[in-house]
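Q: Structure supplied as model20.tsv; contents: TSV, C-alpha atoms.
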chain	number	residue	atom	x	y	z
A	105	MET	CA	0.00	0.00	0.00
A	106	SER	CA	1.72	3.18	-1.14
A	107	SER	CA	1.39	6.34	0.91
A	108	LEU	CA	1.57	9.94	-0.18
A	109	LEU	CA	3.24	13.16	1.01
A	110	HIS	CA	2.67	16.61	-0.49
A	111	ILE	CA	5.34	19.32	-0.09
A	112	THR	CA	4.05	22.81	-0.89
A	113	ASN	CA	5.65	26.16	-1.69
A	114	GLY	CA	3.99	28.12	1.12
A	115	ASP	CA	1.22	28.52	3.70
A	116	ALA	CA	-1.35	30.15	1.43
A	117	PHE	CA	-1.25	27.27	-1.00
A	118	THR	CA	-1.23	24.66	1.78
A	119	GLU	CA	-4.62	26.01	2.87
A	120	ARG	CA	-5.90	25.67	-0.72
A	121	LEU	CA	-4.54	22.14	-1.01
A	122	LYS	CA	-6.30	21.03	2.18
A	123	LYS	CA	-9.61	22.03	0.60
A	124	LEU	CA	-8.97	19.84	-2.46
A	125	ASN	CA	-9.19	16.79	-0.19
A	126	LEU	CA	-6.43	14.87	-1.91
A	127	LYS	CA	-5.02	11.84	-0.10
A	128	GLY	CA	-1.80	12.25	1.85
A	129	ASP	CA	-0.13	14.47	4.44
A	130	ILE	CA	1.03	18.00	3.67
A	131	ILE	CA	4.33	19.67	4.62
A	132	THR	CA	4.96	23.37	3.92
A	133	TRP	CA	8.47	24.37	2.83
A	134	ARG	CA	8.92	27.72	4.61
A	135	GLU	CA	12.10	29.18	3.20
A	136	MET	CA	13.28	31.73	0.65
A	137	LEU	CA	16.56	30.26	-0.50
A	138	CYS	CA	16.70	32.63	-3.47
A	139	GLU	CA	18.03	35.24	-1.01
A	140	GLY	CA	21.06	35.08	1.22
A	141	LYS	CA	23.80	32.51	1.57
A	142	THR	CA	22.97	28.86	0.96
A	143	LEU	CA	24.95	25.69	1.67
A	144	THR	CA	24.65	22.50	-0.38
A	145	THR	CA	23.91	20.33	2.66
A	146	VAL	CA	20.18	21.06	2.96
A	147	GLY	CA	18.90	20.38	6.46
A	148	SER	CA	22.29	20.15	8.17
A	149	GLU	CA	22.98	22.10	11.34
A	150	SER	CA	25.33	24.47	9.51
A	151	PHE	CA	22.73	24.96	6.76
A	152	TRP	CA	20.03	26.09	9.21
A	153	LYS	CA	22.51	28.18	11.23
A	154	THR	CA	23.53	30.04	8.04
A	155	ARG	CA	19.90	30.57	7.06
A	156	PHE	CA	18.85	31.82	10.48
A	157	GLU	CA	21.74	34.31	10.60
A	158	PHE	CA	20.68	35.75	7.23
A	159	LEU	CA	16.97	35.94	8.08
A	160	HIS	CA	17.63	37.40	11.51
A	161	LYS	CA	20.00	40.08	10.20
A	162	ASN	CA	17.96	41.10	7.16
A	163	TYR	CA	14.36	40.34	8.10
A	164	LYS	CA	14.49	40.55	11.89
A	165	VAL	CA	13.27	36.94	12.14
A	166	SER	CA	13.43	35.84	15.78
A	167	LYS	CA	14.86	32.51	16.87
A	168	SER	CA	11.50	31.41	18.30
A	169	TRP	CA	9.70	32.24	15.03
A	170	PHE	CA	12.33	30.42	12.98
A	171	ILE	CA	12.10	27.31	15.19
A	172	GLU	CA	8.30	27.38	15.26
A	173	LYS	CA	7.70	28.04	11.56
A	174	THR	CA	10.65	26.65	9.62
A	175	LEU	CA	12.44	24.09	11.77
A	176	LYS	CA	9.33	22.40	13.19
A	177	GLU	CA	7.98	21.91	9.68
A	178	TYR	CA	11.37	20.61	8.54
A	179	ARG	CA	11.47	18.15	11.45
A	180	SER	CA	8.00	17.03	10.47
A	181	LEU	CA	9.37	16.32	6.99
A	182	CYS	CA	12.20	14.29	8.55
A	183	ASN	CA	9.65	12.26	10.53
A	184	HIS	CA	7.63	11.37	7.43
A	185	LYS	CA	9.73	8.35	6.58
A	186	GLN	CA	7.02	5.97	5.39
A	187	GLN	CA	5.74	7.80	2.30
A	188	ASP	CA	7.01	6.31	-0.94
A	189	GLN	CA	5.24	8.85	-3.16
A	190	ILE	CA	6.17	12.52	-2.74
A	191	VAL	CA	4.43	15.27	-4.69
A	192	LEU	CA	6.10	18.69	-4.94
A	193	TRP	CA	3.86	21.73	-5.55
A	194	PHE	CA	5.96	24.61	-6.85
A	195	GLU	CA	5.70	27.47	-9.34
A	196	TYR	CA	7.59	28.80	-12.35
A	197	ASP	CA	9.33	31.72	-10.62
A	198	LEU	CA	12.87	32.01	-9.27
A	199	PHE	CA	11.68	32.02	-5.63
A	200	CYS	CA	9.94	28.65	-6.07
A	201	GLN	CA	12.44	27.02	-8.41
A	202	VAL	CA	15.37	27.54	-6.01
A	203	ASN	CA	13.35	26.11	-3.11
A	204	MET	CA	12.35	23.18	-5.35
A	205	LEU	CA	16.00	22.40	-6.14
A	206	ALA	CA	16.87	22.37	-2.43
A	207	VAL	CA	13.97	20.06	-1.57
A	208	ILE	CA	14.89	17.63	-4.36
A	209	SER	CA	18.52	17.67	-3.22
A	210	TRP	CA	17.35	16.79	0.31
A	211	LEU	CA	15.08	14.04	-0.99
A	212	LEU	CA	17.92	12.56	-3.05
A	213	ALA	CA	20.06	12.33	0.11
A	214	ASN	CA	17.32	11.22	2.50
A	215	ARG	CA	14.51	9.51	0.57
A	216	ARG	CA	16.27	7.68	-2.23
A	217	TYR	CA	13.52	5.06	-2.48
A	218	ALA	CA	10.65	7.52	-2.96
A	219	GLN	CA	8.96	8.33	-6.24
A	220	ILE	CA	9.02	12.12	-6.65
A	221	SER	CA	6.40	13.91	-8.76
A	222	LEU	CA	6.24	17.59	-9.67
A	223	VAL	CA	3.17	19.77	-10.02
A	224	CYS	CA	4.42	23.08	-11.39
A	225	SER	CA	2.19	25.98	-12.40
A	226	GLY	CA	3.18	28.48	-15.07
A	227	LYS	CA	1.90	28.69	-18.61
A	228	GLU	CA	-1.68	27.44	-18.38
A	229	ASP	CA	-3.30	28.84	-21.54
A	230	ASP	CA	-2.50	30.19	-25.00
A	231	THR	CA	-1.39	33.60	-23.71
A	232	ASP	CA	2.09	34.38	-22.40
A	233	LYS	CA	0.75	34.97	-18.91
A	234	LEU	CA	2.25	32.80	-16.17
A	235	PHE	CA	0.04	31.70	-13.31
A	236	SER	CA	0.82	30.99	-9.67
A	237	LEU	CA	-0.85	27.99	-8.03
A	238	ASN	CA	-3.24	30.21	-6.08
A	239	GLU	CA	-4.42	31.94	-9.26
A	240	LEU	CA	-5.78	28.63	-10.60
A	241	SER	CA	-9.28	27.29	-10.01
A	242	ASP	CA	-9.84	24.03	-8.13
A	243	GLU	CA	-10.56	22.32	-11.46
A	244	GLN	CA	-7.28	23.58	-12.93
A	245	LEU	CA	-5.34	22.44	-9.86
A	246	LEU	CA	-6.89	18.97	-9.98
A	247	ASP	CA	-6.12	18.82	-13.69
A	248	LEU	CA	-2.49	19.80	-13.02
A	249	TYR	CA	-2.35	17.14	-10.32
A	250	GLU	CA	-3.63	14.50	-12.74
A	251	LYS	CA	-0.91	15.52	-15.21
A	252	LYS	CA	1.87	15.68	-12.60
A	253	VAL	CA	5.33	14.83	-13.90
A	254	VAL	CA	7.04	11.81	-12.35
A	255	LEU	CA	10.73	12.70	-12.07
A	256	ASN	CA	13.18	10.02	-13.14
A	257	GLN	CA	16.59	9.42	-11.57
A	258	ASP	CA	18.30	11.67	-14.14
A	259	ASP	CA	15.90	14.54	-13.33
A	260	VAL	CA	16.51	14.18	-9.60
A	261	GLU	CA	20.28	14.08	-9.99
A	262	TYR	CA	20.20	17.05	-12.39
A	263	ALA	CA	18.20	19.14	-9.90
A	264	ASP	CA	20.74	18.23	-7.22
A	265	TYR	CA	23.59	19.22	-9.58
A	266	VAL	CA	22.00	22.60	-10.35
A	267	TRP	CA	21.54	23.12	-6.59
A	268	GLN	CA	25.26	22.40	-6.02
A	269	LEU	CA	26.15	24.98	-8.68
A	270	TYR	CA	23.72	27.53	-7.20
A	271	CYS	CA	25.48	27.11	-3.84
A	272	SER	CA	28.99	27.32	-5.32
A	273	ASN	CA	31.04	30.50	-5.01
A	274	ASN	CA	31.18	31.02	-8.78
A	275	PRO	CA	28.00	31.53	-10.87
A	276	ILE	CA	29.90	31.13	-14.15
A	277	ARG	CA	29.51	27.34	-13.97
A	278	LEU	CA	25.76	27.83	-13.63
A	279	GLU	CA	25.81	30.15	-16.63
A	280	ASN	CA	27.44	27.43	-18.75
A	281	LEU	CA	24.50	25.03	-18.28
A	282	THR	CA	22.62	24.69	-21.56
A	283	ASP	CA	20.85	21.34	-21.25
A	284	PHE	CA	17.74	22.34	-19.26
A	285	ASN	CA	15.46	21.06	-22.03
A	286	ASP	CA	16.76	17.51	-21.56
A	287	TYR	CA	15.03	17.29	-18.16
A	288	ASN	CA	11.50	17.56	-16.77
A	289	PHE	CA	11.81	21.12	-15.44
A	290	ASP	CA	9.99	23.46	-17.81
A	291	TYR	CA	10.83	26.67	-15.96
A	292	LEU	CA	14.29	26.01	-14.51
A	293	GLY	CA	16.27	27.48	-17.41
A	294	ASP	CA	14.39	30.80	-17.20
A	295	ALA	CA	14.78	30.88	-13.42
A	296	VAL	CA	18.54	30.35	-13.66
A	297	ARG	CA	18.83	33.14	-16.27
A	298	THR	CA	16.82	35.42	-13.96
A	299	HIS	CA	19.16	34.51	-11.10
A	300	LEU	CA	22.26	35.42	-13.14
A	301	LYS	CA	20.77	38.85	-13.91
A	302	ARG	CA	20.78	39.52	-10.15
A	303	PHE	CA	24.51	40.19	-10.33
A	304	PRO	CA	25.33	43.88	-10.91
A	305	SER	CA	25.49	45.07	-14.49
A	306	ILE	CA	28.67	46.45	-15.99
A	307	ALA	CA	26.72	49.50	-17.15
A	308	ASN	CA	25.88	51.00	-13.75
A	309	GLY	CA	26.49	48.52	-10.91
A	310	LEU	CA	22.78	47.82	-10.43
A	311	ASN	CA	21.24	44.49	-11.29
A	312	ASP	CA	18.21	43.86	-13.48
A	313	MET	CA	15.72	44.07	-10.61
A	314	GLU	CA	17.22	47.27	-9.18
A	315	ASN	CA	17.26	48.98	-12.57
A	316	ASN	CA	13.64	47.93	-13.04
A	317	ILE	CA	12.70	49.49	-9.68
A	318	LEU	CA	14.31	52.83	-10.63
A	319	GLN	CA	12.74	52.77	-14.10
A	320	LEU	CA	9.28	52.13	-12.63
A	321	ALA	CA	9.77	55.09	-10.28
A	322	ILE	CA	10.31	57.36	-13.29
A	323	ASP	CA	7.74	55.81	-15.64
A	324	LYS	CA	4.85	55.35	-13.21
A	325	LYS	CA	5.50	58.28	-10.81
A	326	PRO	CA	3.82	56.49	-7.86
A	327	LYS	CA	2.19	58.82	-5.34
A	328	SER	CA	3.15	56.72	-2.33
A	329	LYS	CA	5.47	53.96	-1.21
A	330	SER	CA	2.60	51.45	-0.98
A	331	GLU	CA	1.49	52.25	-4.54
A	332	PHE	CA	5.13	51.86	-5.61
A	333	LEU	CA	5.42	48.41	-3.97
A	334	GLY	CA	2.22	47.34	-5.71
A	335	THR	CA	3.59	48.51	-9.06
A	336	ILE	CA	6.89	46.68	-8.51
A	337	LEU	CA	5.07	43.42	-7.61
A	338	GLN	CA	3.01	43.64	-10.80
A	339	ASN	CA	6.09	44.26	-12.96
A	340	GLN	CA	8.67	41.90	-11.46
A	341	GLY	CA	8.91	39.29	-14.23
A	342	ASN	CA	9.54	35.82	-12.87
A	343	LEU	CA	11.35	36.65	-9.62
A	344	GLY	CA	8.33	35.69	-7.51
A	345	PHE	CA	9.35	37.97	-4.63
A	346	GLY	CA	6.99	39.21	-1.93
A	347	ASP	CA	6.51	42.74	-0.61
A	348	THR	CA	8.91	42.22	2.32
A	349	GLN	CA	11.70	41.42	-0.14
A	350	TYR	CA	11.02	44.61	-2.08
A	351	GLU	CA	10.82	46.61	1.15
A	352	ARG	CA	14.37	45.44	1.79
A	353	ALA	CA	15.45	46.26	-1.77
A	354	LEU	CA	14.06	49.80	-1.40
A	355	GLN	CA	15.94	50.15	1.88
A	356	ARG	CA	19.18	49.26	0.06
A	357	LEU	CA	18.42	51.73	-2.74
A	358	LYS	CA	17.40	54.49	-0.33
A	359	PRO	CA	20.32	56.81	-1.23
A	360	LEU	CA	18.94	57.00	-4.79
A	361	PHE	CA	15.51	58.31	-3.71
A	362	SER	CA	14.84	61.85	-2.56
A	363	SER	CA	11.34	60.81	-1.46
A	364	LEU	CA	9.08	57.73	-1.31
A	365	ASN	CA	5.85	59.70	-0.66
A	366	PRO	CA	5.56	60.62	-3.55
A	367	VAL	CA	8.27	58.47	-5.16
A	368	ARG	CA	11.10	60.58	-6.60
A	369	LEU	CA	14.69	59.75	-7.58
A	370	THR	CA	17.67	61.90	-6.64
A	371	LYS	CA	19.85	63.47	-9.32
A	372	LYS	CA	22.38	60.71	-8.70
A	373	GLY	CA	19.66	58.06	-8.98
A	374	LYS	CA	18.72	59.37	-12.43
A	375	GLU	CA	22.37	59.54	-13.50
A	376	ILE	CA	22.95	55.92	-12.40
A	377	LEU	CA	19.84	54.77	-14.25
A	378	ASP	CA	21.07	56.56	-17.38
A	379	GLY	CA	24.48	54.88	-17.03
A	380	GLN	CA	26.31	58.19	-16.54
A	381	THR	CA	27.72	57.05	-13.22
A	382	SER	CA	27.86	53.83	-11.20
A	383	TYR	CA	26.11	52.60	-8.07
A	384	TYR	CA	29.37	51.20	-6.68
A	385	SER	CA	30.09	54.34	-4.62
A	386	CYS	CA	26.73	53.84	-2.81
A	387	ILE	CA	27.25	50.21	-1.74
A	388	GLN	CA	27.05	49.97	2.04
A	389	ASP	CA	27.08	46.19	2.50
A	390	ASN	CA	29.49	44.18	0.36
A	391	ASP	CA	28.69	40.93	2.17
A	392	VAL	CA	25.61	40.12	0.06
A	393	TYR	CA	25.21	36.53	-1.10
A	394	LEU	CA	23.21	35.12	-3.99
A	395	GLY	CA	23.30	31.39	-3.29
A	396	GLY	CA	26.93	30.62	-2.58
A	397	ALA	CA	28.40	33.58	-4.49
A	398	LEU	CA	29.14	37.10	-3.33
A	399	LYS	CA	26.98	39.47	-5.37
A	400	TYR	CA	29.61	42.16	-5.80
A	401	ASP	CA	32.41	39.79	-6.82
A	402	PHE	CA	30.83	39.45	-10.27
A	403	LEU	CA	29.49	41.62	-13.05
A	404	TYR	CA	26.76	40.89	-15.57
A	405	ASN	CA	27.34	41.99	-19.15
A	406	THR	CA	23.88	42.87	-20.49
A	407	ASP	CA	25.18	42.99	-24.09
A	408	SER	CA	26.56	39.45	-24.16
A	409	ASN	CA	24.44	38.04	-21.25
A	410	ARG	CA	27.65	36.74	-19.68
A	411	ILE	CA	29.00	36.89	-16.13
A	412	LEU	CA	32.44	38.27	-15.44
A	413	LYS	CA	34.50	37.79	-12.30
A	414	LEU	CA	35.92	40.94	-10.78
Can I see the file as structure tokens?
A:
Amino acid sequence: MSSLLHITNGDAFTERLKKLNLKGDIITWREMLCEGKTLTTVGSESFWKTRFEFLHKNYKVSKSWFIEKTLKEYRSLCNHKQQDQIVLWFEYDLFCQVNMLAVISWLLANRRYAQISLVCSGKEDDTDKLFSLNELSDEQLLDLYEKKVVLNQDDVEYADYVWQLYCSNNPIRLENLTDFNDYNFDYLGDAVRTHLKRFPSIANGLNDMENNILQLAIDKKPKSKSEFLGTILQNQGNLGFGDTQYERALQRLKPLFSSLNPVRLTKKGKEILDGQTSYYSCIQDNDVYLGGALKYDFLYNTDSNRILKL
């Protein structure tokens, strides 16, 4: 008699999944491994210590919250040893795809016997719009579940390999991956390309997301910070970030804004956006990690879409 475990991408979707009344237990993966330093050994003591230090420093996450929300759920995952069918519910965006890689890497190390299936939302119709799981109707979710992709051993090992590269101190090896289409991960290639664009551009020292934030400030002229955050969330491509992550990004970019109510750039902010000067003189914290690599140790060439090491 096979038994089933669902691993979801977050609390909001876990609540939806419960209402679908599918068989099996549900575990929520409460992490955002797309930000801050990551170690390859998912679930190890050093892994969680590194994650807590990042979340505490940058998001004021308390130890009790971290234990209650993230570690308790992780321990629950560790205790689910009987299930031989594991279904992963993740989305197309960078946020979800990085978490998905980490979970698969953990499963490869700890649940080698299990059959792993993937339910991944994204392109659901003939338009170019990409959908999150919570944007789909119950019928669409059940349909996706019926069509879930069973990952083979090659898929699982590839996901683990991409995770190792994401956690390495040099993103150039990740950039050299070109065989995404050979595996059952429809959105991983795009997510990796989005990740690489998070390194600062040669043109002005800001990455793709940061340039987008400044451009939106000029184009949309938001009247308030909350309107600005809403605009950014609607125009973020496939990063999949939440408002707290953009709050932090705005905090970092603060020297480039003369006001956030209404939203206005400084003269220097405009000059940086136009590529007349560079953001490097404004960097306050050089110890910023994207996966295993230091953000400011590399540059992204937007003309050739290549990463350079400083």
Q: Could you list, with a cut-off of 10 Å and counting only C-alpha atoms, the residues of range 279-315 of chain A near range 192-201 of chain A, each shown with its nearest atom pair and the distance in Å rounded to one decimal, rows sorted by chain and ascending number, as a Markdown table?
A:
| residue | atom | partner | partner_atom | distance |
| --- | --- | --- | --- | --- |
| A:Phe289 | CA | A:Gln201 | CA | 9.2 |
| A:Asp290 | CA | A:Tyr196 | CA | 8.0 |
| A:Tyr291 | CA | A:Tyr196 | CA | 5.3 |
| A:Leu292 | CA | A:Gln201 | CA | 6.5 |
| A:Gly293 | CA | A:Gln201 | CA | 9.8 |
| A:Asp294 | CA | A:Leu198 | CA | 8.2 |
| A:Ala295 | CA | A:Leu198 | CA | 4.7 |
| A:Val296 | CA | A:Leu198 | CA | 7.4 |
| A:Arg297 | CA | A:Leu198 | CA | 9.3 |
| A:Thr298 | CA | A:Leu198 | CA | 7.0 |
| A:His299 | CA | A:Leu198 | CA | 7.0 |
Q: Within 10 Å of (2.7, 50.6, -5.4), in the coordinates the file gives, what residues turn up when you count all atoms listed in the file, written out as a list of chain:residue names?
A: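 The answer, in the requested form, is A:Leu320, A:Ala321, A:Lys324, A:Lys325, A:Pro326, A:Lys327, A:Ser328, A:Lys329, A:Ser330, A:Glu331, A:Phe332, A:Leu333, A:Gly334, A:Thr335, A:Ile336, A:Leu337, A:Gln338, A:Asp347, A:Val367.
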Q: Which of these, A:Asn238, A:Gln355, A:Thr348, A:Asn405, has the shortest distance to Ile387 in chain A once you count only C-alpha atoms?
A: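 Result for the nearest residue to Ile387 in chain A: A:Gln355.
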Q: Could you work out how far CA of Leu255 in chain A lies from CA of Lys122 in chain A, giving the answer in Å with one decimal?
A: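 Between CA of Lys122 in chain A and CA of Leu255 in chain A the gap is 23.7 Å.
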Q: Work out how far CA of Gly226 in chain A is from CA of Lys141 in chain A, in Å to one decimal.
A: 26.8 Å
Q: Could you pull the residues within 9 Å of range 213-224 of chain A, counting only C-alpha atoms, minus those fewer than 3 positions along the same chain, as number ranges by chain?
A: A: 182, 185, 187-196, 208-210, 236-237, 245, 248-249, 251-256, 260, 288-291
